[in-house]
Structures are given as structure tokens and as C-alpha cells.
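Visitor: One structure coming up, written as C-alpha cells, with questions to follow.
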Amino acid sequence: MDFGIDSTTQGWLDRAQGFLDEVVLPAEAEFLAETADLDWRWTASPTFRRVRDEARRRGLWNLFLLGEHGAGLSNLQYAHVAELSGRSIQLMPPAMNCAAPDTGNMEVLALYGSPEQRERWLKPLLAGEIRSGFAMTEPAVASSDATNIELTIRRDGDDYVLNGRKWWTTGAMNPDCQVFVVMGKTDPDAERHRQQSMILVPRDTPGLTVERGLTVFGYDDHDHGGHGELVFDGVRVPASNLVGEEGGGFAIAQARLGPGRIHHCMRSIGLAERAIDLMCERASRRVAFGRPLAEQGVVRDWIAESRVRVEQLRLLTLKTAWLMDTVGNKGAHTEIQAIKIATPRTVEWVLDKAMQVHGGAGICQDLPLAAMFAGIRTLRWADGPDEVHKSSLAKTELRRWAAGRS
């Protein structure tokens with residue numbers, strides 16, 4: 001395994017660093033002030049549009065996407081750039097067209113979409129002309145087990161008809177969201193993992209209602225387009241809107257979530273690095289009991305421990321990216337689960353200590369730490385709760401042990 005930064009990656013890093021220092025960080029305060037205004041609560045504010053236009057001009061666009069539609073970076077190369085973008089996690093990833101749920105939806109369309117679906121939806125998503133939503137989780141069932149979903153997708157002649165309810169549909173509150181990727185049941189009598197299908201539902205389809213927005217610890221989660229609760233009441237779409245084949249929804253969901261999980265982890269490491277920077281700056285300047293906080297033993301312990309934990313997490317994430325490049329997502333499944341478990345709790349710990357060092361300032365709107373904490377806390381259940389990943393990882397480990405013993 002070689003995690004060294006090659007010349008190509010360094011070139012992208014230099015461009016991303018310049019964009020972060022020259023454009024993104026100077027615009028953060030204005031951007032956050034705009035998103036606090038109800039006029040720009042969910043949609044692209046003037047500052048965001050300006051930053052996004054500059055990202056596109058600098059070629060920092062769709063870097064996450066492998067293959068013909070992306071910039072040609074490997075998972076390992078993108079890991080370094082994604083980490084850097086996590087230092088301004090609310091602004092930089094979406095400005096580069098590298099934010100969920102559009103990233104996962106674009107991957108789904110690139111891998112499984114028909115030529116017509118790619119022309120109608122993938123093309124404008126790649127261009128940043130529209131946003132999208134992903135509707136999988138439901139309020140009435142334990143959606144950590146995706147086979148539980150109850151929304152029905154029933155064939156009726158040349159159409160499919162959808163009935164059911166979804167929530168935590170990421171992207172739903174952004175008025176620029178023009179299409180939803182929806183998972184539901186097409187055949188409840190099929191084998192357990194072949195009952196589900198994915199289908200594209202335009203936002204303006206009759207019978208589809210966005211009932212309300214859902215906040216995350218009181219935050220709107222603007223960078224992801226917000227989260228919404230949706231009702232599908234006799235929603236009729238053409239059969240050609242089916243993504244892939246009937247019964248392929250569960251497999252598509254798993255293929256979508258693998259890269260999405262590592263993208264979250266990459267960005268979260270950058271977020272943790274910024275938290276450490278803020279903690280060191282505060283500790284060096286703030287005086288308590290006659291000396292700077294940086295000279296207090298407990299604060300030094302927090303800073304040291306933060307560095308150790310983040311370095312461990314980065315190595316595991318880079319290994320996972322390398323495996324995805326060399327043996328594929330399926331071959332890296334164990335490591336993807338491991339970083340999904342390790343990342344939220346590690347970064348959450350670092351943020352907690354950074355907030356503690358800042359006192360009251362750490363938990364109010366004057367600093368980004370509280371919003372960062374709220375976002376990281378959601379990763380302990382988003383894309384699958386920790387407990388499900390731990391259970392699956394343990395089963396894999398037990399099978400490996402049993403095979404070795406026999």
C-alpha cells in the first residue's frame with residue numbers, strides 16, 4: 001500500500017488549497033449570514049453562487065465521480081482533496097458539486113441509468129443546473145433494515161404508481177431539487193432482497209407532496225439541501241423512469257452507499273483538522289488561572305489525543321480508498337464499514353474537546369463548531385446506524401475466524 005501523494009494529486013491539492021484560502025474561507029461569514037435568512041434558507045444564496053462559479057472556473061468540479069463523467073481521479077486521489085474540502089464542509093463541497101445527495105444520485109445514474117435518464121437528469125446534475133433528492137428512509141418502519149420499506153411501486157400498464165411516505169429525504173427542501181431517486185417495493189412476494197426497486201420521480205409529479213422540513217439539532221443542513229418528509233399519494237410516473245431492473249433496488253442502494261460513506265469520512269477528517277486548528281488557536285490565546293490554556297495539562301492532553309486519533313482515522317480511510325481502487329467496493333466492504341463506525345465517534349470526540357476549550361463561544365453561532373457537531377452526530381445513523389455496521393462487521397470477522405480454524 002502506497003499512500004504517497006503523487007504529482008497529479010498534488011496538483012489538485014494545490015488548486016483546492018488556493019480555492020479554500022482565496023475564495024471559500026473569506027466568503028464563509030457572508031454565506032452563513034445569508035443562509036440564516038429565510039429567503040436563502042434552502043436554496044443557493046448569492047455568495048454561494050459566486051463561490052460555485054469560481055470553483056467551476058478553476059476546474060474544481062465533479063471531482064468525486066470516477067469514469068468518463070468525472071475528473072479522472074481515483075478514490076485515493078480524491079480522498080486527499082475531499083479532506084481539504086471538509087475544512088469548510090458547509091460551503092466548499094457543494095460549491096464543487098461534490099455534496100450529497102447529488103453525488104450518490106449521479107453515481108446511480110452513471111452506473112445504472114438509461115441513456116434517456118442520463119440525458120434528462122444526469123447531464124443537468126453534472127452541470128450544477130439542478131439538485132436532486134434521495135428518498136429511502138420511512139417513518140413507520142425501522143429503515144436501518146432497508147428490506148422493511150413499505151412504499152409501494154405498482155406497475156399499471158406503461159406506468160408505475162407510488163403510494164407511501166418517506167422522511168429524512170435529503171435534498172427535498174431545496175427548490176432547485178427537480179428529481180427524487182425513490183426506493184420502494186415492486187414485488188412483496190419476491191426473495192427478501194429482490195422486492196425493492198429504484199425509480200425516478202420528478203418533483204412536480206401530481207400526488208407528490210413535500211410536507212415539511214426536518215432540522216438537525218435545530219440546524220437546516222443547508223449544504224445538503226435540507227431534509228424533508230414526503231407523501232406519495234397515487235404518484236404516477238412512466239415505466240421508463242425505473243432505474244435498472246425490477247428487484248434491483250437493494251443492490252443499487254448498497255452500491256450507492258459505499259462511495260457515499262467514504263466521501264463522508266474523507267470530508268469529516270478535514271472538519272476534524274479545522275477543529276484542531278481552532279482548539280490550538282484558542283488555547284494559545286486564552287488565559288485562565290494566570291496562564292494560557294495551552295499550558296494546562298488537560299488541554300494539552302486533548303490536543304495530543306486529537307492528533308493521534310485523527311492520524312489513525314486518516315490511515316484507515318486511505319487504506320479503504322486504496323482497496324476500493326485495487327479490489328473494488330465489494331472487496332473493501334469490511335474497511336468501508338470500519339471507517340463508517342470509526343469516523344463519527346472520532347470526529348465527535350475532537351469536536352467536543354474543541355468546543356470545551358472555547359467555553360460558551362464553542363456552542364453558539366459565533367463559531368462553526370456546534371453546527372459541525374450536529375452534522376457529525378447524524379453520521380452515526382445516516383447511511384446505516386453504527387450498530388448495524390458493527391453487527392455485520394462482527395459476522396464477517398466470525399466467518400473469517402471459522403474459515404481459518406477449519
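By convention in this document, the chains of the C-alpha cells carry letters A, B, ... by their order, each chain's residues are numbered from 1, and ligands are numbered from 1 in the order they are shown.
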Which residues come within 12 Å of stretch 310-312 of chain A, counting only C-alpha atoms, excluding same-chain residues fewer than 2 positions away, as a PyMOL selection string?

Guide: chain A and resi 83+265-266+268-276+303-308+314-319+339+342-351

Visitor: A:Gln356: which residues within 12 Å, counting only C-alpha atoms, same-chain residues fewer than 6 positions away excluded, as a VMD selection string?

Guide: chain A and resid 275 278 to 279 282 to 283 293 298 to 299 302 to 303 349 to 350 362 to 364 369 to 370

Visitor: With distances taken over only C-alpha atoms, which of A:Ile199, A:Leu379, A:Leu65, A:Val357 is nearest to A:Thr186?

Guide: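 Of A:Ile199, A:Leu379, A:Leu65, A:Val357, the one nearest A:Thr186, counting only C-alpha atoms, is A:Ile199.
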
Visitor: Show me, as a list in words, the residues that have an atom within 8 Å of A:Thr152 when counting only C-alpha atoms, minus same-chain residues fewer than 2 positions from it.

Guide: Glu150, Arg154, Val161, Leu162, Asn163, Gly164, Gly184, Lys185 and Thr186 of chain A

Visitor: So which residues touch A:Tyr112 within 9 Å, counting only C-alpha atoms, skipping near sequence neighbours fewer than 2 positions away, as a list in words?

Guide: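 Residues near the query, excluding close chain neighbours: Glu107, Val108, Leu109, Ala110, Ser114, Val243, Gly244, Glu245 and Ile252 of chain A.
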
Visitor: Could the residues in this selection be written to a file with N, CA and C atoms, as a PDB file, in the first residue's frame?

Guide:
ATOM      1  N   GLU A 107     -23.899   9.066  -9.202  1.00  0.00           N
ATOM      2  CA  GLU A 107     -23.254   7.758  -9.350  1.00  0.00           C
ATOM      3  C   GLU A 107     -24.264   6.708  -9.777  1.00  0.00           C
ATOM      4  N   VAL A 108     -25.452   6.748  -9.190  1.00  0.00           N
ATOM      5  CA  VAL A 108     -26.504   5.797  -9.564  1.00  0.00           C
ATOM      6  C   VAL A 108     -26.868   5.942 -11.029  1.00  0.00           C
ATOM      7  N   LEU A 109     -27.074   7.177 -11.466  1.00  0.00           N
ATOM      8  CA  LEU A 109     -27.447   7.409 -12.867  1.00  0.00           C
ATOM      9  C   LEU A 109     -26.314   7.038 -13.817  1.00  0.00           C
ATOM     10  N   ALA A 110     -25.074   7.324 -13.415  1.00  0.00           N
ATOM     11  CA  ALA A 110     -23.936   6.985 -14.264  1.00  0.00           C
ATOM     12  C   ALA A 110     -23.781   5.477 -14.423  1.00  0.00           C
ATOM     13  N   SER A 114     -30.527   4.714 -17.750  1.00  0.00           N
ATOM     14  CA  SER A 114     -30.653   4.516 -19.194  1.00  0.00           C
ATOM     15  C   SER A 114     -30.106   5.742 -19.914  1.00  0.00           C
ATOM     16  N   VAL A 243     -35.063   2.735 -12.517  1.00  0.00           N
ATOM     17  CA  VAL A 243     -33.598   2.708 -12.615  1.00  0.00           C
ATOM     18  C   VAL A 243     -33.140   1.259 -12.585  1.00  0.00           C
ATOM     19  N   GLY A 244     -32.469   0.833 -13.631  1.00  0.00           N
ATOM     20  CA  GLY A 244     -32.055  -0.561 -13.693  1.00  0.00           C
ATOM     21  C   GLY A 244     -33.253  -1.466 -13.919  1.00  0.00           C
ATOM     22  N   GLU A 245     -33.252  -2.618 -13.237  1.00  0.00           N
ATOM     23  CA  GLU A 245     -34.323  -3.598 -13.412  1.00  0.00           C
ATOM     24  C   GLU A 245     -35.191  -3.692 -12.165  1.00  0.00           C
ATOM     25  N   ILE A 252     -28.673  -1.668  -5.837  1.00  0.00           N
ATOM     26  CA  ILE A 252     -28.307  -0.314  -6.242  1.00  0.00           C
ATOM     27  C   ILE A 252     -28.053   0.546  -5.018  1.00  0.00           C
TER      28      ILE A 252
END

Visitor: Extract, using only C-alpha atoms, all DNA, RNA and protein residues at most 6 Å from A:Lys166, discarding same-chain residues fewer than 5 positions from it, and format them as a ChimeraX atom specification.

Guide: /A:137-138,229-230

Visitor: For N, CA and C atoms, I'd like the residues from the last selection saved as a PDB file, in the first residue's frame.

Guide:
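Listed below is the output, part.pdb:
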ATOM      1  N   THR A 137     -35.508   6.335   3.488  1.00  0.00           N
ATOM      2  CA  THR A 137     -35.932   6.140   4.874  1.00  0.00           C
ATOM      3  C   THR A 137     -37.418   6.444   5.045  1.00  0.00           C
ATOM      4  N   GLU A 138     -38.084   5.658   5.899  1.00  0.00           N
ATOM      5  CA  GLU A 138     -39.513   5.838   6.158  1.00  0.00           C
ATOM      6  C   GLU A 138     -39.773   5.976   7.655  1.00  0.00           C
ATOM      7  N   GLU A 229     -39.953  15.498   4.748  1.00  0.00           N
ATOM      8  CA  GLU A 229     -40.897  14.389   4.824  1.00  0.00           C
ATOM      9  C   GLU A 229     -41.813  14.476   3.607  1.00  0.00           C
ATOM     10  N   LEU A 230     -41.923  13.382   2.879  1.00  0.00           N
ATOM     11  CA  LEU A 230     -42.642  13.347   1.606  1.00  0.00           C
ATOM     12  C   LEU A 230     -43.807  12.378   1.674  1.00  0.00           C
TER      13      LEU A 230
END

Visitor: Give me the residues near A:Cys98 as a list in words, where near means some atom within 9 Å (using only C-alpha atoms) and where sequence neighbours in that chain fewer than 2 positions away do not count.

Guide: Trp61, Asn62, Leu63, Phe64, Leu65, Ala82, Met92, Pro93, Pro94, Ala95, Met96, Ala100, Asp102 and Thr103 of chain A

Visitor: Go ahead and write the selection's residues with N, CA and C atoms as a compact mmCIF listing (two decimals), in the first residue's frame.

Guide:
# COMPACT_ATOMS: atom_id res chain seq x y z
N TRP A 61 -14.52 20.64 -10.08
CA TRP A 61 -15.91 20.33 -10.38
C TRP A 61 -16.08 18.83 -10.60
N ASN A 62 -17.04 18.22 -9.89
CA ASN A 62 -17.35 16.79 -10.04
C ASN A 62 -16.13 15.90 -9.82
N LEU A 63 -15.27 16.27 -8.89
CA LEU A 63 -14.04 15.52 -8.68
C LEU A 63 -14.30 14.13 -8.10
N PHE A 64 -15.44 13.95 -7.46
CA PHE A 64 -15.76 12.70 -6.79
C PHE A 64 -16.05 11.55 -7.75
N LEU A 65 -16.47 11.88 -8.96
CA LEU A 65 -17.06 10.89 -9.87
C LEU A 65 -16.00 10.19 -10.69
N ALA A 82 -10.92 15.70 -0.97
CA ALA A 82 -12.16 15.73 -0.19
C ALA A 82 -11.88 16.12 1.25
N MET A 92 -17.68 24.45 0.78
CA MET A 92 -16.77 24.02 -0.28
C MET A 92 -17.26 22.78 -1.05
N PRO A 93 -17.71 21.70 -0.38
CA PRO A 93 -18.16 20.54 -1.17
C PRO A 93 -19.32 20.86 -2.12
N PRO A 94 -20.40 21.52 -1.64
CA PRO A 94 -21.48 21.82 -2.60
C PRO A 94 -21.05 22.80 -3.69
N ALA A 95 -20.14 23.72 -3.37
CA ALA A 95 -19.66 24.65 -4.38
C ALA A 95 -18.90 23.94 -5.48
N MET A 96 -18.30 22.79 -5.16
CA MET A 96 -17.57 21.99 -6.14
C MET A 96 -18.44 20.91 -6.79
N ALA A 100 -23.51 15.48 -1.03
CA ALA A 100 -24.69 14.61 -1.01
C ALA A 100 -25.95 15.48 -1.01
N ASP A 102 -26.54 14.66 -4.17
CA ASP A 102 -26.31 14.66 -5.62
C ASP A 102 -25.18 13.73 -6.02
N THR A 103 -24.15 13.63 -5.18
CA THR A 103 -23.02 12.76 -5.52
C THR A 103 -23.51 11.32 -5.71

Visitor: I need the residue nearest A:Glu116 from this list: A:Ala403, A:His80, A:Ser240, A:Gln337. Use only C-alpha atoms for the distance.

Guide: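 Selected residue with least distance to A:Glu116: A:Ser240.
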
Visitor: Contacts of A:Asp2 at 9 Å or less, counting only C-alpha atoms, minus same-chain residues fewer than 2 places along, as a list of chain:residue names?

Guide: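 My reading of the contact set: A:Gly4, A:Ile5, A:Lys319, A:Trp322.
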
Visitor: Just to be explicit: take each residue in the selection above, keep all heavy atoms, and write the result as a CSV table (one decimal), in the first residue's frame.

Guide:
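So the final result, stored in selection_16.csv, reads:
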chain,number,residue,atom,x,y,z
A,4,GLY,N,1.3,7.7,-0.6
A,4,GLY,CA,2.0,8.9,-1.0
A,4,GLY,C,1.2,9.8,-2.0
A,4,GLY,O,0.5,9.2,-2.8
A,5,ILE,N,1.4,11.0,-1.9
A,5,ILE,CA,0.7,12.0,-2.8
A,5,ILE,C,1.5,12.1,-4.1
A,5,ILE,O,2.6,12.7,-4.0
A,5,ILE,CB,0.5,13.3,-2.1
A,5,ILE,CG1,-0.4,13.1,-0.8
A,5,ILE,CG2,-0.2,14.3,-3.0
A,5,ILE,CD1,-0.6,14.4,0.0
A,319,LYS,N,-6.5,3.6,3.5
A,319,LYS,CA,-6.4,2.2,3.1
A,319,LYS,C,-7.7,1.8,2.4
A,319,LYS,O,-7.7,1.0,1.4
A,319,LYS,CB,-6.2,1.4,4.4
A,319,LYS,CG,-6.2,-0.1,4.1
A,319,LYS,CD,-6.3,-1.0,5.4
A,319,LYS,CE,-6.4,-2.5,5.0
A,319,LYS,NZ,-6.7,-3.3,6.2
A,322,TRP,N,-7.7,3.0,-1.1
A,322,TRP,CA,-6.8,2.3,-1.9
A,322,TRP,C,-7.4,0.9,-2.3
A,322,TRP,O,-7.3,0.4,-3.4
A,322,TRP,CB,-5.5,2.1,-1.1
A,322,TRP,CG,-4.5,1.2,-1.8
A,322,TRP,CD1,-3.6,1.6,-2.8
A,322,TRP,CD2,-4.2,-0.2,-1.5
A,322,TRP,NE1,-2.8,0.5,-3.2
A,322,TRP,CE2,-3.2,-0.6,-2.4
A,322,TRP,CE3,-4.8,-1.1,-0.7
A,322,TRP,CZ2,-2.7,-1.9,-2.4
A,322,TRP,CZ3,-4.3,-2.4,-0.7
A,322,TRP,CH2,-3.3,-2.8,-1.5

Visitor: Just give me the gap between atom CA of A:Ser85 and atom CA of A:Phe19 in Å, one decimal is fine.

Guide: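 For atom CA of A:Ser85 relative to atom CA of A:Phe19, the distance reads 9.6 Å.
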
Visitor: What gap, in Å, lies between atom CA of A:Ala27 and atom CA of A:Met173?

Guide: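 If I compute the distance from atom CA of A:Ala27 to atom CA of A:Met173, I get 23.3 Å.
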
Visitor: With DSSP run on the backbone, what are the alpha helix (DSSP H) residues within stretch 44-280 of chain A? I'd like them as number ranges by chain.

Guide: A: 46-57, 75-85, 92-95, 102-112, 115-117, 123-126, 249-280

Visitor: Considering only C-alpha atoms, can you say which of A:Ala79, A:Ile341, A:Ala146, A:Val51 comes closest to A:Leu20?

Guide: A:Val51
